[in-house]
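Asks: The structure under discussion is supplied below as structure tokens; questions concerning it will follow.
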Amino acid sequence: MTAPLDLLDLNPSLTDEERQIRDVVRQLVDDRVRPHVADWYEQGQVPARELAREFGKLGLLGMHLTGYGCAGASAVAYGLACQELEAGDSGLRSLVSVQGSLAMYAIWRYGSEEQKQRWLPSMATGEAIGCFGLTEPDHGSDPASMTTRARRDGDDWVLTGAKMWITNAPIADVAVIWARTDEGVRGFAVPMDTPGVTAREIRRKMSLRASVTGEIALDDVRLPADARLPEASGLKAPLSCLTEARYGIVWGAVGAARDCLETTLAYAGTRTQFGRPLAGFQLTQAKLADMAVELVKGQLLALHLGRLADAHRLRPDQVSVGKLNNVREALAIARQCRTVLGANGVSGEYPIMRHANNLESVLTYEGTSEIHQLVVGQRLTGLSAFA
Ligand SMILES: Cc1cc2nc3c(=O)[nH]c(=O)nc-3n(C[C@H](O)[C@H](O)[C@H](O)COP(=O)(O)OP(=O)(O)OC[C@H]3O[C@@H](n4cnc5c(N)ncnc54)[C@H](O)[C@@H]3O)c2cc1C
């Protein structure tokens with residue numbers, strides 16, 4: 001958070017190393033993302049591979065993992081990086097989240113030593129891109145009903161099915177695919193050049209346009225026995241990966257909201273109507289104050305969850321509290337900021353509408369806000385209301 005938005009003086013509660021990582025990522029976003037992101041967004045095309053290599057050079061890919069070329073940073077440092085990336089664009093934070101927290105984490109946590117050696121070092125540098133296939137055309141919030149099948153054929157596995165809305169799929173080298181077997185849900189590291197695997201880009205997204213999203217078809221894909229992630233057993237394995245990625249979103253959403261509010265503060269200070277700057281109207285100040293209060297609350301929540309994660313005490317339902325609140329409030333801030341900019345609020349010359357549109361996806365992916373309400377509801381009542 002930068003002054004004057006750091007109303008609660010959170011900056012000094014970060015360590016020097018955390019501040020340094022935050023500032024390096026902020027600089028990267030300023031130099032490499034901000035000058036181009038409006039065009040990438042408008043064209044629906046982003047140089048994701050090139051950016052991945054640049055992110056890899058800075059150690060941002062799988063940065064909270066240890067070994068295999070990963071940086072071994074703290075959860076708070078990883079969160080701060082997500083915050084800065086998403087202040088640039090949610091699509092770029094998605095690239096880093098999916099690579100590090102979903103695809104790399106799945107292999108790091110559940111893979112064999114051979115799978116880790118094969119994939120993680122090149123994924124950490126951004127040479128290899130990963131994706132994570134859980135959602136299907138007919139099964140989103142309820143992955144337990146997935147119909148993608150993996151059946152044994154001798155020593156091999158044969159995968160059949162489809163995965164939908166998969167970030168990075170069209171550019172990926174490896175997909176972590178979750179499939180139903182006779183023993184329950186299992187995970188597979190699937191090289192994207194395996195015969196029978198096709199990835200088609202999903203076009204006409206009105207949100208996350210600076211992120212590549214695709215559909216994966218698996219048509220009798222034959223894999224050797226060692227493609228299965230040996231330590232992953234049941235749905236709790238992919239859900240644990242989602243907890244990792246949701247944690248990054250808790251921070252990232254604050255970044256998008258901060259960028260909106262910084263833009264709005266600057267705009268309101270210089271735009272004059274009725275002979276005075278917009279910032280001088282009480283109604284505008286009420287909006288600015290309410291948004292700044294929500295922003296700093298979101299920041300405080302992210303930092304608290306980060307400290308819990310670094311103490312190995314963070315529970316999935318606490319991550320749900322963070323994702324539910326911070327994405328919902330970030331979206332509310334983006335919408336409110338848009339009103340302060342009037343017509344300019346809908347222009348791509350300013351980042352606000354882009355952030356607002358992006359946050360609609362962030363509200364839905366990695367568990368919709370309703371699903372996180374149900375997680376928190378279950379924690380409160382002891383009753384599952386999912387079905
Ligand atoms: C840009 C983008 C990128 C994505 N990237 C990935 C990815 O990389 N990998 C991946 O696996 N998936 C990815 N997803 C998919 C995302 O995780 C799903 O869209 C999400 O889980 C919701 O599933 P759904 O869209 O099928 O909605 P549905 O599950 O059909 O839900 C529709 C609505 O019904 C509500 N609902 C569902 N069940 C209940 C219930 N029990 N009680 C109350 N309300 C309920 C939901 O909250 C939602 O509002 C991505 C999605 C987007 C938009």
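Chain labels follow the order of the structure tokens: the first chain is A, the next B, and so on; residue numbering restarts at 1 in every chain, and ligands are counted from 1 in their shown order.
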Using DSSP secondary structure from the backbone, list all helix (DSSP H, G or I) positions within range 25-106 of chain A, as a ChimeraX atom specification.
Replies: /A:25-33,37-43,48-57,75-88,90-106
Asks: For Val29 in chain A, please output as a PyMOL selection string all residues within 9 Å (counting only C-alpha atoms; exclusion window: fewer than 4 positions along the same chain).
Replies: chain A and resi 24-25+33-35+84-85+87-88
Asks: Leaving out Ala75 in chain A and any residue of its chain fewer than 5 positions from it, which residues lie within 7 Å of it when counting only C-alpha atoms, given as number ranges by chain?
Replies: A: 64, 306, 309-310
Asks: Atoms to include: C-alpha atoms. Write the selected residues as an mmCIF file, in the first residue's frame.
Replies:
```cif
data_model
loop_
_atom_site.group_PDB
_atom_site.id
_atom_site.type_symbol
_atom_site.label_atom_id
_atom_site.label_comp_id
_atom_site.auth_asym_id
_atom_site.auth_seq_id
_atom_site.Cartn_x
_atom_site.Cartn_y
_atom_site.Cartn_z
ATOM 1 C CA HIS A 64 6.596 -19.999 -2.264
ATOM 2 C CA GLY A 306 -0.239 -14.554 5.281
ATOM 3 C CA ALA A 309 0.264 -19.342 6.514
ATOM 4 C CA ASP A 310 3.883 -18.641 7.416
#
```
Asks: Do you know which residues are within 9 Å of ligand 1 using only C-alpha atoms and all ligand atoms? Can you write them as an NGL selection string?
Replies: :A and (91 or 94 or 98 or 102 or 131-143 or 163-169 or 177-178 or 205 or 207-209 or 211-214 or 358 or 360-374 or 385-387)
Asks: Name all residues at most 7 Å from Tyr68 in chain A (count only C-alpha atoms; drop same-chain ones fewer than 6 positions away) and give them as a PyMOL selection string.
Replies: chain A and resi 117+120-121
Asks: Could you write those residues out with all heavy atoms, as a CSV table (one decimal), in the first residue's frame?
Replies:
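The resulting file, again_30.csv, is shown below:
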```csv
chain,number,residue,atom,x,y,z
A,117,GLN,N,11.5,-33.5,-11.0
A,117,GLN,CA,12.8,-33.1,-11.7
A,117,GLN,C,12.5,-32.8,-13.2
A,117,GLN,O,13.1,-31.9,-13.7
A,117,GLN,CB,13.8,-34.3,-11.7
A,117,GLN,CG,14.3,-34.7,-10.3
A,117,GLN,CD,15.3,-33.8,-9.8
A,117,GLN,OE1,15.6,-32.8,-10.4
A,117,GLN,NE2,15.7,-34.0,-8.5
A,120,LEU,N,9.5,-29.2,-12.7
A,120,LEU,CA,9.5,-28.0,-11.8
A,120,LEU,C,10.6,-27.0,-12.2
A,120,LEU,O,10.4,-25.8,-12.3
A,120,LEU,CB,9.6,-28.4,-10.4
A,120,LEU,CG,8.3,-29.1,-9.8
A,120,LEU,CD1,8.5,-29.4,-8.3
A,120,LEU,CD2,7.1,-28.2,-10.0
A,121,PRO,N,11.9,-27.4,-12.5
A,121,PRO,CA,12.9,-26.4,-12.8
A,121,PRO,C,12.6,-25.6,-14.0
A,121,PRO,O,12.7,-24.4,-14.0
A,121,PRO,CB,14.2,-27.3,-13.0
A,121,PRO,CG,13.9,-28.5,-12.2
A,121,PRO,CD,12.5,-28.8,-12.4
```
Asks: Skipping near chain neighbours, those fewer than 6 positions away, what residues fall within 10 Å of range 275-282 of chain A using only C-alpha atoms, listed as a PyMOL selection string?
Replies: chain A and resi 264-269+288+340-341
Asks: Report as a PDB file with all heavy atoms, in the first residue's frame all protein, DNA and RNA residues lying within 9 Å of Gln45 in chain A, evaluated on only C-alpha atoms, omitting residues in the same chain fewer than 2 positions from it.
Replies:
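Saved the output as selection_22.pdb:
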```pdb
ATOM      1  N   ASP A  39      -3.622  -2.399 -24.357  1.00  0.00           N
ATOM      2  CA  ASP A  39      -3.663  -2.968 -25.712  1.00  0.00           C
ATOM      3  C   ASP A  39      -3.864  -4.481 -25.668  1.00  0.00           C
ATOM      4  O   ASP A  39      -4.634  -5.042 -26.445  1.00  0.00           O
ATOM      5  CB  ASP A  39      -2.356  -2.660 -26.470  1.00  0.00           C
ATOM      6  CG  ASP A  39      -2.282  -1.197 -26.856  1.00  0.00           C
ATOM      7  OD1 ASP A  39      -3.350  -0.563 -26.975  1.00  0.00           O
ATOM      8  OD2 ASP A  39      -1.158  -0.683 -27.015  1.00  0.00           O
ATOM      9  N   TRP A  40      -3.124  -5.134 -24.765  1.00  0.00           N
ATOM     10  CA  TRP A  40      -3.297  -6.591 -24.660  1.00  0.00           C
ATOM     11  C   TRP A  40      -4.754  -6.911 -24.374  1.00  0.00           C
ATOM     12  O   TRP A  40      -5.336  -7.820 -24.952  1.00  0.00           O
ATOM     13  CB  TRP A  40      -2.432  -7.170 -23.525  1.00  0.00           C
ATOM     14  CG  TRP A  40      -0.956  -7.045 -23.718  1.00  0.00           C
ATOM     15  CD1 TRP A  40      -0.292  -6.899 -24.905  1.00  0.00           C
ATOM     16  CD2 TRP A  40       0.048  -7.047 -22.691  1.00  0.00           C
ATOM     17  NE1 TRP A  40       1.061  -6.818 -24.663  1.00  0.00           N
ATOM     18  CE2 TRP A  40       1.299  -6.902 -23.319  1.00  0.00           C
ATOM     19  CE3 TRP A  40       0.017  -7.164 -21.295  1.00  0.00           C
ATOM     20  CZ2 TRP A  40       2.502  -6.877 -22.616  1.00  0.00           C
ATOM     21  CZ3 TRP A  40       1.200  -7.136 -20.587  1.00  0.00           C
ATOM     22  CH2 TRP A  40       2.434  -6.992 -21.242  1.00  0.00           C
ATOM     23  N   TYR A  41      -5.306  -6.124 -23.461  1.00  0.00           N
ATOM     24  CA  TYR A  41      -6.692  -6.375 -23.042  1.00  0.00           C
ATOM     25  C   TYR A  41      -7.647  -6.161 -24.215  1.00  0.00           C
ATOM     26  O   TYR A  41      -8.510  -6.993 -24.496  1.00  0.00           O
ATOM     27  CB  TYR A  41      -7.053  -5.449 -21.886  1.00  0.00           C
ATOM     28  CG  TYR A  41      -8.331  -5.838 -21.193  1.00  0.00           C
ATOM     29  CD1 TYR A  41      -8.321  -6.731 -20.126  1.00  0.00           C
ATOM     30  CD2 TYR A  41      -9.557  -5.344 -21.621  1.00  0.00           C
ATOM     31  CE1 TYR A  41      -9.493  -7.108 -19.495  1.00  0.00           C
ATOM     32  CE2 TYR A  41     -10.735  -5.717 -20.991  1.00  0.00           C
ATOM     33  CZ  TYR A  41     -10.696  -6.592 -19.930  1.00  0.00           C
ATOM     34  OH  TYR A  41     -11.866  -6.973 -19.312  1.00  0.00           O
ATOM     35  N   GLU A  42      -7.460  -5.044 -24.906  1.00  0.00           N
ATOM     36  CA  GLU A  42      -8.366  -4.719 -26.009  1.00  0.00           C
ATOM     37  C   GLU A  42      -8.270  -5.767 -27.114  1.00  0.00           C
ATOM     38  O   GLU A  42      -9.279  -6.205 -27.672  1.00  0.00           O
ATOM     39  CB  GLU A  42      -8.009  -3.334 -26.558  1.00  0.00           C
ATOM     40  CG  GLU A  42      -9.100  -2.741 -27.388  1.00  0.00           C
ATOM     41  CD  GLU A  42      -8.825  -1.279 -27.716  1.00  0.00           C
ATOM     42  OE1 GLU A  42      -8.016  -0.639 -27.022  1.00  0.00           O
ATOM     43  OE2 GLU A  42      -9.421  -0.793 -28.688  1.00  0.00           O
ATOM     44  N   GLN A  43      -7.035  -6.190 -27.407  1.00  0.00           N
ATOM     45  CA  GLN A  43      -6.851  -7.161 -28.488  1.00  0.00           C
ATOM     46  C   GLN A  43      -7.130  -8.600 -28.041  1.00  0.00           C
ATOM     47  O   GLN A  43      -7.235  -9.500 -28.873  1.00  0.00           O
ATOM     48  CB  GLN A  43      -5.415  -7.061 -29.025  1.00  0.00           C
ATOM     49  CG  GLN A  43      -5.172  -5.766 -29.795  1.00  0.00           C
ATOM     50  CD  GLN A  43      -3.701  -5.358 -29.806  1.00  0.00           C
ATOM     51  OE1 GLN A  43      -2.826  -6.178 -29.499  1.00  0.00           O
ATOM     52  NE2 GLN A  43      -3.433  -4.113 -30.144  1.00  0.00           N
ATOM     53  N   PRO A  47       1.448 -11.513 -24.570  1.00  0.00           N
ATOM     54  CA  PRO A  47       2.645 -12.333 -24.802  1.00  0.00           C
ATOM     55  C   PRO A  47       2.983 -13.160 -23.564  1.00  0.00           C
ATOM     56  O   PRO A  47       3.981 -12.904 -22.876  1.00  0.00           O
ATOM     57  CB  PRO A  47       3.728 -11.293 -25.120  1.00  0.00           C
ATOM     58  CG  PRO A  47       3.291 -10.058 -24.405  1.00  0.00           C
ATOM     59  CD  PRO A  47       1.779 -10.086 -24.367  1.00  0.00           C
ATOM     60  N   ALA A  48       2.145 -14.143 -23.290  1.00  0.00           N
ATOM     61  CA  ALA A  48       2.215 -14.849 -22.004  1.00  0.00           C
ATOM     62  C   ALA A  48       3.536 -15.609 -21.831  1.00  0.00           C
ATOM     63  O   ALA A  48       4.098 -15.628 -20.734  1.00  0.00           O
ATOM     64  CB  ALA A  48       1.027 -15.799 -21.886  1.00  0.00           C
ATOM     65  N   ARG A 209      -9.155 -10.542 -20.320  1.00  0.00           N
ATOM     66  CA  ARG A 209      -8.772 -10.622 -21.730  1.00  0.00           C
ATOM     67  C   ARG A 209      -7.253 -10.662 -21.912  1.00  0.00           C
ATOM     68  O   ARG A 209      -6.774 -11.045 -22.970  1.00  0.00           O
ATOM     69  CB  ARG A 209      -9.389  -9.447 -22.511  1.00  0.00           C
ATOM     70  CG  ARG A 209     -10.910  -9.562 -22.613  1.00  0.00           C
ATOM     71  CD  ARG A 209     -11.522  -8.410 -23.379  1.00  0.00           C
ATOM     72  NE  ARG A 209     -10.983  -8.238 -24.706  1.00  0.00           N
ATOM     73  CZ  ARG A 209     -11.235  -9.012 -25.761  1.00  0.00           C
ATOM     74  NH1 ARG A 209     -12.067 -10.046 -25.618  1.00  0.00           N
ATOM     75  NH2 ARG A 209     -10.707  -8.765 -26.929  1.00  0.00           N
ATOM     76  N   ALA A 210      -6.508 -10.257 -20.865  1.00  0.00           N
ATOM     77  CA  ALA A 210      -5.048 -10.383 -20.939  1.00  0.00           C
ATOM     78  C   ALA A 210      -4.605 -11.683 -20.266  1.00  0.00           C
ATOM     79  O   ALA A 210      -3.605 -11.739 -19.550  1.00  0.00           O
ATOM     80  CB  ALA A 210      -4.387  -9.171 -20.292  1.00  0.00           C
ATOM     81  N   SER A 211      -5.383 -12.726 -20.482  1.00  0.00           N
ATOM     82  CA  SER A 211      -5.065 -14.058 -19.956  1.00  0.00           C
ATOM     83  C   SER A 211      -5.581 -15.062 -20.978  1.00  0.00           C
ATOM     84  O   SER A 211      -6.631 -14.847 -21.582  1.00  0.00           O
ATOM     85  CB  SER A 211      -5.771 -14.263 -18.611  1.00  0.00           C
ATOM     86  OG  SER A 211      -5.699 -15.596 -18.183  1.00  0.00           O
ATOM     87  N   VAL A 212      -4.821 -16.132 -21.180  1.00  0.00           N
ATOM     88  CA  VAL A 212      -5.217 -17.125 -22.176  1.00  0.00           C
ATOM     89  C   VAL A 212      -6.033 -18.215 -21.485  1.00  0.00           C
ATOM     90  O   VAL A 212      -5.590 -18.790 -20.490  1.00  0.00           O
ATOM     91  CB  VAL A 212      -3.972 -17.769 -22.833  1.00  0.00           C
ATOM     92  CG1 VAL A 212      -4.371 -18.588 -24.043  1.00  0.00           C
ATOM     93  CG2 VAL A 212      -2.950 -16.719 -23.200  1.00  0.00           C
TER      94      VAL A 212
END
```
Asks: For each of A:Arg49, A:Arg152, A:Arg22, A:Arg246, take the minimum atom-to-atom distance to Ser97 in chain A, counting only C-alpha atoms, then give the residue where this is smallest.
Replies: A:Arg246
Asks: To test your reading of the structure, identify every residue in range 69-159 of chain A that backbone DSSP assigns to strand (DSSP E), and report it as a list in words.
Replies: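 Residues meeting the strand (DSSP E) criterion: Cys70, Ala71, Gly130, Cys131, Phe132, Gly133, Arg149, Ala150, Arg151, Arg152, Asp153, Asp156, Trp157, Val158 and Leu159 of chain A.
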Asks: Keeping only C-alpha atoms, write the selected residues as a PDB file, in the first residue's frame.
Replies:
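Below is the file out05.pdb, written as the result:
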```
ATOM      1  CA  CYS A  70      11.908 -22.365  -6.676  1.00  0.00           C
ATOM      2  CA  ALA A  71      12.628 -19.323  -4.524  1.00  0.00           C
ATOM      3  CA  GLY A 130       1.589 -25.477 -16.827  1.00  0.00           C
ATOM      4  CA  CYS A 131      -2.172 -25.518 -16.493  1.00  0.00           C
ATOM      5  CA  PHE A 132      -4.627 -27.158 -14.108  1.00  0.00           C
ATOM      6  CA  GLY A 133      -7.679 -28.949 -15.415  1.00  0.00           C
ATOM      7  CA  ARG A 149     -12.273 -40.846 -16.788  1.00  0.00           C
ATOM      8  CA  ALA A 150      -8.886 -42.489 -16.437  1.00  0.00           C
ATOM      9  CA  ARG A 151      -8.921 -46.234 -16.949  1.00  0.00           C
ATOM     10  CA  ARG A 152      -6.136 -48.762 -16.663  1.00  0.00           C
ATOM     11  CA  ASP A 153      -4.992 -50.583 -19.800  1.00  0.00           C
ATOM     12  CA  ASP A 156      -0.889 -47.543 -19.052  1.00  0.00           C
ATOM     13  CA  TRP A 157      -3.641 -45.094 -18.208  1.00  0.00           C
ATOM     14  CA  VAL A 158      -6.159 -43.966 -20.839  1.00  0.00           C
ATOM     15  CA  LEU A 159      -7.865 -40.583 -20.279  1.00  0.00           C
TER      16      LEU A 159
END
```
Asks: So which one's closest to Ala302 in chain A, A:Val250, A:Ala77, A:Ala144, A:Ser122? Using only C-alpha atoms, please.
Replies: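 Under the stated criterion, the closest residue is A:Val250.
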Asks: Go ahead and compute the interatomic distance for CA of Ile171 in chain A and CA of Ala199 in chain A, in Å to one decimal.
Replies: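 It comes out at 8.5 Å.
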Asks: Pick from A:Asn344, A:Thr194, A:Gln299, A:Ser13: nearest to Thr263 in chain A, with only C-alpha atoms counted?
Replies: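 Looking at the shortest contact to Thr263 in chain A, the residue is A:Asn344.
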Asks: Would you list the contacts of Glu127 in chain A as a list of chain:residue names, taking every protein, DNA or RNA residue within 12 Å and counting only C-alpha atoms, but skipping same-chain residues closer than 4 positions in sequence?
Replies: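 Final neighbour list, sorted by chain and number: A:Ala48, A:Arg49, A:Glu50, A:Leu51, A:Ala52, A:Arg53, A:Glu54, A:Phe55, A:Gly56, A:Lys57, A:Leu61, A:Gln99, A:Trp119, A:Leu120, A:Pro121, A:Ser122, A:Met123, A:Ile171, A:Ala172, A:Asp173, A:Val174.
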